[in-house]
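Listing of protein_23.cif, mmCIF, C-alpha atoms and all ligand atoms
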```cif
data_entry
loop_
_atom_site.label_atom_id
_atom_site.label_comp_id
_atom_site.auth_asym_id
_atom_site.auth_seq_id
_atom_site.Cartn_x
_atom_site.Cartn_y
_atom_site.Cartn_z
CA MET M 23 -10.52 -26.72 -36.83
CA ARG M 24 -8.56 -23.48 -36.42
CA PRO M 25 -6.08 -24.18 -33.72
CA SER M 26 -4.82 -20.64 -33.30
CA SER M 27 -8.25 -19.16 -32.72
CA ASP M 28 -8.99 -22.03 -30.35
CA VAL M 29 -5.87 -21.12 -28.41
CA ALA M 30 -6.95 -17.49 -28.36
CA TYR M 31 -10.41 -18.45 -27.10
CA LEU M 32 -9.13 -20.95 -24.55
CA SER M 33 -6.44 -18.68 -23.17
CA ARG M 34 -9.07 -15.97 -22.68
CA ALA M 35 -11.38 -18.43 -20.96
CA LEU M 36 -8.50 -19.41 -18.67
CA LYS M 37 -7.49 -15.76 -18.12
CA ALA M 38 -4.03 -16.76 -19.29
CA PRO M 39 -3.15 -14.09 -21.85
CA ARG M 40 0.56 -14.96 -22.09
CA VAL M 41 -0.39 -18.40 -23.40
CA ARG M 42 -1.93 -16.85 -26.49
CA GLU M 43 0.97 -14.42 -26.93
CA VAL M 44 3.67 -17.08 -26.85
CA ALA M 45 1.93 -20.20 -28.19
CA SER M 46 2.68 -19.85 -31.85
CA ARG M 47 6.19 -18.42 -31.47
CA LEU M 48 7.14 -21.27 -29.14
CA ALA M 49 5.47 -23.77 -31.51
CA ASP M 50 7.76 -22.57 -34.30
CA ARG M 51 10.73 -23.01 -32.02
CA ALA M 52 9.52 -26.41 -30.90
CA ARG M 53 9.28 -27.58 -34.52
CA GLU M 54 12.70 -26.20 -35.38
CA GLU M 55 14.37 -27.65 -32.34
CA GLY M 56 12.40 -30.90 -32.19
CA TRP M 57 10.87 -30.43 -28.71
CA ASP M 58 8.48 -33.10 -27.53
CA TYR M 59 4.92 -32.24 -26.51
CA GLU M 60 5.71 -32.04 -22.82
CA ALA M 61 8.60 -29.64 -23.38
CA TYR M 62 6.40 -27.38 -25.48
CA LEU M 63 3.57 -27.37 -22.93
CA ALA M 64 6.00 -26.65 -20.09
CA ALA M 65 7.59 -23.76 -22.02
CA VAL M 66 4.18 -22.17 -22.68
CA LEU M 67 3.05 -22.54 -19.08
CA ALA M 68 6.36 -21.23 -17.75
CA GLU M 69 5.82 -18.02 -19.74
CA GLU M 70 2.37 -17.64 -18.23
CA VAL M 71 3.69 -18.21 -14.73
CA SER M 72 6.50 -15.70 -15.01
CA GLY M 73 4.15 -13.16 -16.61
CA ARG M 74 1.76 -13.52 -13.69
CA GLU M 75 4.53 -13.33 -11.11
CA SER M 76 6.02 -10.10 -12.34
CA HIS M 77 2.73 -8.41 -13.15
CA GLY M 78 0.54 -9.48 -10.24
CA GLY M 79 3.50 -9.19 -7.90
CA GLU M 80 3.93 -5.46 -8.37
CA ASN M 81 0.18 -4.94 -7.97
CA ARG M 82 0.22 -6.87 -4.73
CA VAL M 83 3.23 -4.88 -3.48
CA LYS M 84 1.27 -1.66 -4.15
CA ALA M 85 -1.88 -3.00 -2.54
CA ALA M 86 0.03 -3.87 0.63
CA HIS M 87 0.70 -0.16 1.40
CA PHE M 88 4.24 -0.57 2.60
CA PRO M 89 5.62 2.75 3.89
CA GLN M 90 8.71 2.24 1.74
CA THR M 91 9.99 -0.60 -0.39
CA LYS M 92 12.79 -2.47 1.32
CA THR M 93 14.34 -5.71 0.21
CA LEU M 94 16.60 -8.30 1.72
CA ASP M 95 19.24 -7.34 -0.82
CA ASP M 96 19.59 -3.89 0.76
CA PHE M 97 19.89 -5.28 4.27
CA ASP M 98 23.45 -5.03 5.55
CA PHE M 99 24.16 -8.13 7.62
CA SER M 100 27.63 -6.88 8.48
CA PHE M 101 26.03 -3.99 10.37
CA GLN M 102 23.29 -6.11 11.99
CA ARG M 103 25.30 -8.96 13.46
CA SER M 104 22.76 -10.28 15.94
CA ILE M 105 20.92 -12.26 13.26
CA LYS M 106 22.24 -14.73 10.77
CA ARG M 107 21.79 -14.24 7.09
CA GLN M 108 20.57 -17.85 6.88
CA THR M 109 17.78 -17.20 9.39
CA VAL M 110 16.43 -14.43 7.23
CA ALA M 111 17.03 -16.36 4.00
CA HIS M 112 15.02 -19.21 5.47
CA LEU M 113 12.17 -16.87 6.42
CA ALA M 114 12.26 -15.51 2.88
CA GLN M 115 11.38 -18.97 1.58
CA LEU M 116 8.00 -18.28 3.17
CA ASP M 117 7.46 -21.69 4.76
CA PHE M 118 6.00 -19.77 7.68
CA LEU M 119 3.17 -18.55 5.43
CA ALA M 120 2.37 -22.01 4.15
CA GLU M 121 2.35 -23.24 7.75
CA ARG M 122 0.26 -20.25 8.95
CA LYS M 123 2.94 -19.31 11.43
CA ASN M 124 3.88 -15.86 12.64
CA VAL M 125 7.18 -14.02 12.57
CA ILE M 126 8.04 -11.70 15.42
CA PHE M 127 10.83 -9.15 15.40
CA LEU M 128 11.84 -7.76 18.77
CA GLY M 129 14.54 -5.18 19.35
CA PRO M 130 15.40 -1.55 20.03
CA PRO M 131 14.75 1.25 17.51
CA GLY M 132 16.72 1.28 14.28
CA THR M 133 17.82 -2.35 14.40
CA GLY M 134 15.97 -3.28 11.21
CA LYS M 135 12.61 -4.63 12.38
CA THR M 136 10.51 -2.62 9.96
CA HIS M 137 13.01 -3.14 7.16
CA LEU M 138 12.91 -6.92 7.55
CA SER M 139 9.11 -6.96 7.96
CA ILE M 140 8.68 -5.03 4.72
CA ALA M 141 11.27 -7.14 2.92
CA LEU M 142 9.47 -10.37 3.86
CA GLY M 143 6.13 -8.79 2.94
CA VAL M 144 7.45 -7.71 -0.46
CA GLN M 145 8.80 -11.19 -1.04
CA ALA M 146 5.42 -12.73 -0.16
CA ALA M 147 3.60 -10.31 -2.46
CA ARG M 148 5.96 -11.07 -5.32
CA ARG M 149 5.47 -14.78 -4.78
CA GLY M 150 1.72 -14.48 -5.19
CA HIS M 151 0.37 -13.84 -1.70
CA ARG M 152 -1.80 -10.91 -0.68
CA VAL M 153 -0.22 -8.80 2.04
CA ALA M 154 -1.34 -5.77 4.05
CA PHE M 155 0.95 -3.53 6.11
CA ALA M 156 0.05 -1.09 8.89
CA THR M 157 1.27 -0.12 12.33
CA ALA M 158 -0.42 -1.70 15.34
CA HIS M 159 -1.99 1.67 16.03
CA GLU M 160 -3.40 1.91 12.50
CA TRP M 161 -4.79 -1.64 12.62
CA VAL M 162 -6.58 -0.85 15.84
CA LEU M 163 -8.02 2.37 14.37
CA LYS M 164 -9.32 0.42 11.37
CA LEU M 165 -10.88 -2.24 13.55
CA GLY M 166 -12.40 0.45 15.78
CA THR M 167 -14.08 2.02 12.76
CA ALA M 168 -15.41 -1.36 11.71
CA LYS M 169 -16.67 -2.02 15.21
CA ARG M 170 -18.55 1.26 15.43
CA ALA M 171 -20.20 0.39 12.10
CA GLY M 172 -21.25 -2.96 13.60
CA LYS M 173 -18.93 -4.74 11.19
CA LEU M 174 -16.06 -6.02 13.31
CA GLU M 175 -16.67 -9.69 12.56
CA GLU M 176 -17.01 -8.96 8.88
CA GLU M 177 -13.76 -6.99 8.86
CA LEU M 178 -11.86 -9.70 10.73
CA GLU M 179 -13.15 -12.23 8.26
CA ARG M 180 -12.11 -10.08 5.32
CA LEU M 181 -8.64 -9.69 6.85
CA GLY M 182 -8.56 -13.43 7.47
CA ARG M 183 -8.61 -13.96 3.73
CA ILE M 184 -5.35 -11.98 3.43
CA PRO M 185 -2.67 -14.56 4.17
CA LEU M 186 -0.15 -12.09 5.60
CA LEU M 187 -0.70 -9.02 7.74
CA VAL M 188 2.27 -6.99 8.91
CA VAL M 189 1.74 -5.29 12.26
CA ASP M 190 4.53 -2.80 12.84
CA GLU M 191 5.46 -0.91 15.99
CA VAL M 192 3.62 -2.72 18.76
CA GLY M 193 4.53 -0.80 21.89
CA TYR M 194 5.30 2.67 20.58
CA ILE M 195 1.88 3.85 21.69
CA PRO M 196 0.13 2.31 24.71
CA PHE M 197 -3.34 0.95 24.05
CA ASP M 198 -6.48 1.89 25.94
CA PRO M 199 -8.68 -1.07 26.96
CA GLU M 200 -10.82 -0.90 23.83
CA ALA M 201 -7.79 -0.77 21.55
CA ALA M 202 -6.25 -3.68 23.45
CA ALA M 203 -9.43 -5.73 23.02
CA LEU M 204 -9.42 -5.05 19.26
CA PHE M 205 -5.79 -6.07 19.00
CA PHE M 206 -6.52 -9.30 20.89
CA ALA M 207 -9.45 -9.98 18.55
CA LEU M 208 -7.14 -9.56 15.56
CA VAL M 209 -4.55 -11.97 16.93
CA SER M 210 -7.04 -14.62 17.96
CA SER M 211 -9.00 -14.41 14.69
CA ARG M 212 -5.82 -15.33 12.81
CA TYR M 213 -4.54 -17.99 15.19
CA GLU M 214 -3.57 -21.09 13.14
CA ARG M 215 -5.42 -19.66 10.13
CA SER M 216 -3.27 -16.92 8.64
CA SER M 217 0.05 -15.30 9.36
CA LEU M 218 1.19 -12.16 11.10
CA ILE M 219 4.54 -10.43 11.07
CA VAL M 220 4.70 -8.41 14.26
CA SER M 221 7.46 -6.10 15.37
CA SER M 222 7.99 -4.47 18.71
CA ASN M 223 10.62 -2.44 20.53
CA LYS M 224 9.47 -3.98 23.81
CA THR M 225 10.01 -7.46 25.14
CA PHE M 226 6.94 -9.59 25.83
CA SER M 227 7.34 -8.99 29.54
CA ALA M 228 6.77 -5.28 28.90
CA TRP M 229 3.66 -5.92 26.80
CA ALA M 230 1.47 -6.11 29.90
CA GLU M 231 2.17 -2.44 30.40
CA ILE M 232 1.34 -1.53 26.79
CA PHE M 233 -1.96 -3.39 26.84
CA GLY M 234 -2.87 -2.88 30.45
CA ASP M 235 -4.39 -6.25 31.29
CA PRO M 236 -1.69 -8.81 32.20
CA VAL M 237 -4.02 -11.84 32.07
CA ALA M 238 -5.42 -11.01 28.62
CA VAL M 239 -1.91 -10.16 27.39
CA ALA M 240 -0.60 -13.54 28.51
CA ALA M 241 -3.37 -15.31 26.56
CA MET M 242 -2.72 -13.19 23.48
CA VAL M 243 1.07 -13.62 23.55
CA ASP M 244 0.49 -17.34 23.99
CA ARG M 245 -1.47 -17.52 20.73
CA LEU M 246 0.93 -15.21 18.94
CA VAL M 247 4.05 -17.20 19.78
CA HIS M 248 2.60 -20.72 19.77
CA HIS M 249 3.53 -21.12 16.09
CA ALA M 250 6.07 -18.39 15.51
CA GLU M 251 9.61 -17.64 14.54
CA ILE M 252 10.91 -15.10 17.02
CA VAL M 253 13.82 -13.01 15.87
CA VAL M 254 15.56 -10.87 18.47
CA LEU M 255 17.61 -7.98 17.12
CA ARG M 256 20.27 -6.22 19.12
CA GLY M 257 22.79 -3.50 18.64
CA ASP M 258 22.94 0.15 17.68
CA SER M 259 20.45 1.98 15.54
CA TYR M 260 21.29 1.97 11.85
CA ARG M 261 19.84 5.45 11.76
CA LEU M 262 22.73 6.66 13.92
CA LYS M 263 25.36 4.84 11.92
CA GLY M 264 28.45 6.94 11.57
CA LYS M 265 26.99 9.66 13.80
CA GLY M 266 29.07 8.83 16.84
CA LYS M 267 28.25 6.59 19.76
CA ASP M 268 27.82 9.41 22.26
CA LEU M 269 24.71 10.72 20.51
CA MET M 270 22.32 8.45 22.39
CA GLY M 271 24.20 7.80 25.62
CA SER M 272 25.24 4.26 26.42
CA GLU M 273 22.26 1.99 25.69
CA GLY M 274 20.07 3.98 23.31
CA ALA M 275 16.34 4.36 23.77
CA ALA M 276 14.06 1.58 24.99
P1 LIG Z 1 13.29 -0.42 13.37
O1 LIG Z 1 11.98 -0.74 12.73
O2 LIG Z 1 13.93 -1.57 14.05
O3 LIG Z 1 13.19 0.77 14.27
P2 LIG Z 1 14.08 0.14 10.66
O4 LIG Z 1 13.93 -1.18 10.04
O5 LIG Z 1 13.01 1.13 10.36
O6 LIG Z 1 14.30 0.00 12.23
O7 LIG Z 1 15.49 0.75 10.26
C1 LIG Z 1 15.74 2.15 10.27
C2 LIG Z 1 16.38 2.57 8.97
O8 LIG Z 1 17.66 1.95 8.84
C3 LIG Z 1 15.60 2.13 7.74
O9 LIG Z 1 15.78 3.06 6.72
C4 LIG Z 1 16.25 0.81 7.36
O10 LIG Z 1 16.12 0.54 6.00
C5 LIG Z 1 17.69 1.05 7.76
N1 LIG Z 1 18.36 -0.17 8.24
C6 LIG Z 1 18.25 -0.73 9.48
N2 LIG Z 1 19.05 -1.78 9.61
C7 LIG Z 1 19.69 -1.92 8.43
C8 LIG Z 1 20.67 -2.83 7.94
N3 LIG Z 1 21.19 -3.80 8.71
N4 LIG Z 1 21.08 -2.69 6.66
C9 LIG Z 1 20.59 -1.68 5.89
N5 LIG Z 1 19.67 -0.79 6.29
C10 LIG Z 1 19.23 -0.88 7.55
MG MG Z 2 10.21 0.26 12.89
#
```
What is this file in structure tokens?
Amino acid sequence: MRPSSDVAYLSRALKAPRVREVASRLADRAREEGWDYEAYLAAVLAEEVSGRESHGGENRVKAAHFPQTKTLDDFDFSFQRSIKRQTVAHLAQLDFLAERKNVIFLGPPGTGKTHLSIALGVQAARRGHRVAFATAHEWVLKLGTAKRAGKLEEELERLGRIPLLVVDEVGYIPFDPEAAALFFALVSSRYERSSLIVSSNKTFSAWAEIFGDPVAVAAMVDRLVHHAEIVVLRGDSYRLKGKGKDLMGSEGAA
């Protein structure tokens, strides 16, 4: 028996290339330091896991098409005082993903909704989950294209296999009835199956106006918030930080 070539063969079969790279070096160390079998196995597997996390993670971050990369480390909680650091730290543990819940950020422009959505998305990607980011408007355009090709169901099913979709900027552009119907289809296809992070500059009560049909909106919001963490952000726009309060008048834009 040639153990090293067996390891090479087996690690290829398992698609675990780090195992082959580290097996013999760690075996030398194990012999020198008197590790038991379990400690050796754990050390080899840990190398494989961290290799996968850093490598696959960056690929998943790219594949998600975030408009910029933002992280929780660059979020200034002393500027944004309406949310607690612990709330966000808890979200970053990604229990919501495991539980197929949604996260909803509501608040005026510049309060950090997109930043936090991206940061949670990046975290999820780095932790091994597929993520896709787009604005509400872009999602609806994509679904419209699929629908015209007779492939709406197929597209919703494909998206359903992505555990986290980020839907940014609900409410910046009003939806026509067809767009609204596509958005509702997206939300209901994911209900209790896969997660959404949604952000909006409008409160739910104003959503009826964005989508037009108050009854359908109520049903959609119901599904969206049934299993959701809702984070309400307040305060001034970070974009206007240091530019003087009088720039935007008293309350800022809606
Ligand atoms: P919103 O989506 O709520 O309109 P963004 O998240 O896009 O706002 O924030 C606008 C800009 O300000 C972004 O560049 C973002 O990174 C930055 N920003 C917002 N809030 C903070 C914060 N508390 N700490 C650091 N940067 C922030
Ligand atoms: Mg935004």
Kindly give the distance, in Å, that separates CA of Gly132 (chain M) and CA of Leu246 (chain M), rounded to a single decimal.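 Going from CA of Gly132 (chain M) over to CA of Leu246 (chain M), I get 23.3 Å.
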Spatial neighbours of region 209-221 of chain M, 7 Å, all atoms listed in the file, chain gap at least 3 places, as a PyMOL selection string: chain M and resi 119+122-128+135+139+178+182+185-192+205-206+242+245-246
Go through the chains and note each residue within 6 Å of ligand LIG 1 (chain Z), using all atoms listed in the file, then give the set as a ChimeraX atom specification. /M:96-99,101-102,131-137,260-261
Quick one: of M:Pro89, M:Pro236, M:Pro196, M:Gly150, who's nearest to ligand MG 2 (chain Z), counting all atoms listed in the file?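 The closest residue to ligand MG 2 (chain Z) is M:Pro89.
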Find the residue from M:Glu43, M:Asp258, M:Asp95, M:Glu177 that sits nearest to Ala111 (chain M); use only C-alpha atoms when measuring.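 Closest residue, counting only C-alpha atoms: M:Asp95.
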Between M:Leu32, M:Leu138, M:Ser72, M:Val41, which has the minimum distance to ligand MG 2 (chain Z) (counting only C-alpha atoms and all ligand atoms)?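 Using only C-alpha atoms and all ligand atoms, ligand MG 2 (chain Z) sits closest to M:Leu138.
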Judged by only C-alpha atoms and all ligand atoms, the minimum distance to ligand MG 2 (chain Z) among M:Glu80, M:Asn223, M:Glu160, M:Leu113 is found for M:Asn223
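If all atoms listed in the file are the atoms counted, then among M:His248, M:Lys224, M:His112, M:His77 the closest residue to ligand MG 2 (chain Z) is M:Lys224.
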Enter the distance from CA of Gln90 (chain M) to CA of Ile140 (chain M), in Å, rounded to one decimal.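 Interatomic distance, CA of Gln90 (chain M) to CA of Ile140 (chain M): 7.9 Å.
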Emit as lines of an AutoDock Vina configuration file the padded axis-aligned box for all listed atoms of region 216-230 of chain M, 8 Å per side, with centre and edge lengths in Å to one decimal.
```
center_x = 3.7
center_y = -9.7
center_z = 19.3
size_x = 29.9
size_y = 30.5
size_z = 37.3
```
Would you please work out which residue, of M:Arg170, M:Ser222, M:Ala207, M:Gly78, is nearest to ligand MG 2 (chain Z) when using all atoms listed in the file?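 When distances to ligand MG 2 (chain Z) are compared using all atoms listed in the file, the smallest one comes from M:Ser222.
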Name the residues, using the chain letters and numbers of the file, that sit within 10 Å of (0.6, -12.2, -5.2) when counting only C-alpha atoms, and give them as number ranges by chain. M: 74-83, 85, 144-153
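In this model, the gap between CA of Ser227 (chain M) and CA of Asp244 (chain M) comes to 12.1 Å.
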Determine, counting all atoms listed in the file, which protein, DNA and RNA residues have an atom within 8 Å of an atom of region 103-106 of chain M; residues of the same chain fewer than 6 positions away are not included. Present the result as a count of residues only. 5
Give me the residues within 6 Å of Phe233 (chain M) as number ranges by chain, counting only C-alpha atoms and dropping any in the same chain fewer than 3 places off. M: 197, 202, 230
Restricted to C-alpha atoms, what would the selected residues look like written as a compact mmCIF listing (two decimals), keeping the file's coordinate frame?
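Output contents, as saved in again03.txt:
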```
# COMPACT_ATOMS: atom_id res chain seq x y z
CA PHE M 197 -3.34 0.95 24.05
CA ALA M 202 -6.25 -3.68 23.45
CA ALA M 230 1.47 -6.11 29.90
```
Some atoms are missing, so please complete region 232-258 of chain M with N, CA and C atoms and return it as an mmCIF file, in the frame of the given file.
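So the final result, stored in part.cif, reads:
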```cif
data_model
loop_
_atom_site.group_PDB
_atom_site.id
_atom_site.type_symbol
_atom_site.label_atom_id
_atom_site.label_comp_id
_atom_site.auth_asym_id
_atom_site.auth_seq_id
_atom_site.Cartn_x
_atom_site.Cartn_y
_atom_site.Cartn_z
ATOM 1 N N ILE M 232 1.887 -2.178 28.001
ATOM 2 C CA ILE M 232 1.340 -1.530 26.790
ATOM 3 C C ILE M 232 -0.164 -1.774 26.702
ATOM 4 N N PHE M 233 -0.563 -3.013 27.042
ATOM 5 C CA PHE M 233 -1.960 -3.390 26.840
ATOM 6 C C PHE M 233 -2.799 -3.286 28.113
ATOM 7 N N GLY M 234 -2.120 -3.111 29.226
ATOM 8 C CA GLY M 234 -2.870 -2.880 30.450
ATOM 9 C C GLY M 234 -3.287 -4.106 31.239
ATOM 10 N N ASP M 235 -3.795 -5.123 30.565
ATOM 11 C CA ASP M 235 -4.390 -6.250 31.290
ATOM 12 C C ASP M 235 -3.477 -7.478 31.200
ATOM 13 N N PRO M 236 -2.716 -7.756 32.280
ATOM 14 C CA PRO M 236 -1.690 -8.810 32.200
ATOM 15 C C PRO M 236 -2.249 -10.191 31.852
ATOM 16 N N VAL M 237 -3.465 -10.506 32.327
ATOM 17 C CA VAL M 237 -4.020 -11.840 32.070
ATOM 18 C C VAL M 237 -4.377 -11.987 30.589
ATOM 19 N N ALA M 238 -5.055 -10.976 30.047
ATOM 20 C CA ALA M 238 -5.420 -11.010 28.620
ATOM 21 C C ALA M 238 -4.165 -10.996 27.753
ATOM 22 N N VAL M 239 -3.155 -10.227 28.165
ATOM 23 C CA VAL M 239 -1.910 -10.160 27.390
ATOM 24 C C VAL M 239 -1.249 -11.536 27.335
ATOM 25 N N ALA M 240 -1.244 -12.212 28.477
ATOM 26 C CA ALA M 240 -0.600 -13.540 28.510
ATOM 27 C C ALA M 240 -1.301 -14.479 27.529
ATOM 28 N N ALA M 241 -2.627 -14.441 27.481
ATOM 29 C CA ALA M 241 -3.370 -15.310 26.560
ATOM 30 C C ALA M 241 -3.078 -14.934 25.107
ATOM 31 N N MET M 242 -2.951 -13.636 24.845
ATOM 32 C CA MET M 242 -2.720 -13.190 23.480
ATOM 33 C C MET M 242 -1.304 -13.560 23.027
ATOM 34 N N VAL M 243 -0.319 -13.296 23.899
ATOM 35 C CA VAL M 243 1.070 -13.620 23.550
ATOM 36 C C VAL M 243 1.204 -15.133 23.329
ATOM 37 N N ASP M 244 0.494 -15.897 24.138
ATOM 38 C CA ASP M 244 0.490 -17.340 23.990
ATOM 39 C C ASP M 244 0.079 -17.770 22.583
ATOM 40 N N ARG M 245 -1.003 -17.187 22.083
ATOM 41 C CA ARG M 245 -1.470 -17.520 20.730
ATOM 42 C C ARG M 245 -0.489 -17.018 19.667
ATOM 43 N N LEU M 246 0.026 -15.818 19.911
ATOM 44 C CA LEU M 246 0.930 -15.210 18.940
ATOM 45 C C LEU M 246 2.205 -16.037 18.756
ATOM 46 N N VAL M 247 2.738 -16.532 19.871
ATOM 47 C CA VAL M 247 4.050 -17.200 19.780
ATOM 48 C C VAL M 247 3.955 -18.722 19.654
ATOM 49 N N HIS M 248 2.740 -19.260 19.809
ATOM 50 C CA HIS M 248 2.600 -20.720 19.770
ATOM 51 C C HIS M 248 3.224 -21.304 18.492
ATOM 52 N N HIS M 249 2.892 -20.703 17.342
ATOM 53 C CA HIS M 249 3.530 -21.120 16.090
ATOM 54 C C HIS M 249 4.211 -19.882 15.533
ATOM 55 N N ALA M 250 5.423 -19.625 15.968
ATOM 56 C CA ALA M 250 6.070 -18.390 15.510
ATOM 57 C C ALA M 250 7.575 -18.549 15.463
ATOM 58 N N GLU M 251 8.165 -17.805 14.546
ATOM 59 C CA GLU M 251 9.610 -17.640 14.540
ATOM 60 C C GLU M 251 9.879 -16.308 15.218
ATOM 61 N N ILE M 252 10.629 -16.342 16.301
ATOM 62 C CA ILE M 252 10.910 -15.100 17.020
ATOM 63 C C ILE M 252 12.348 -14.690 16.736
ATOM 64 N N VAL M 253 12.494 -13.493 16.235
ATOM 65 C CA VAL M 253 13.820 -13.010 15.870
ATOM 66 C C VAL M 253 14.149 -11.813 16.763
ATOM 67 N N VAL M 254 15.182 -11.954 17.565
ATOM 68 C CA VAL M 254 15.560 -10.870 18.470
ATOM 69 C C VAL M 254 16.747 -10.117 17.887
ATOM 70 N N LEU M 255 16.550 -8.818 17.697
ATOM 71 C CA LEU M 255 17.610 -7.980 17.120
ATOM 72 C C LEU M 255 18.251 -7.155 18.222
ATOM 73 N N ARG M 256 19.548 -7.018 18.108
ATOM 74 C CA ARG M 256 20.270 -6.220 19.120
ATOM 75 C C ARG M 256 21.146 -5.210 18.413
ATOM 76 N N GLY M 257 21.777 -4.375 19.204
ATOM 77 C CA GLY M 257 22.790 -3.500 18.640
ATOM 78 C C GLY M 257 22.328 -2.063 18.505
ATOM 79 N N ASP M 258 23.187 -1.286 17.818
ATOM 80 C CA ASP M 258 22.940 0.150 17.680
ATOM 81 C C ASP M 258 21.966 0.411 16.550
#
```
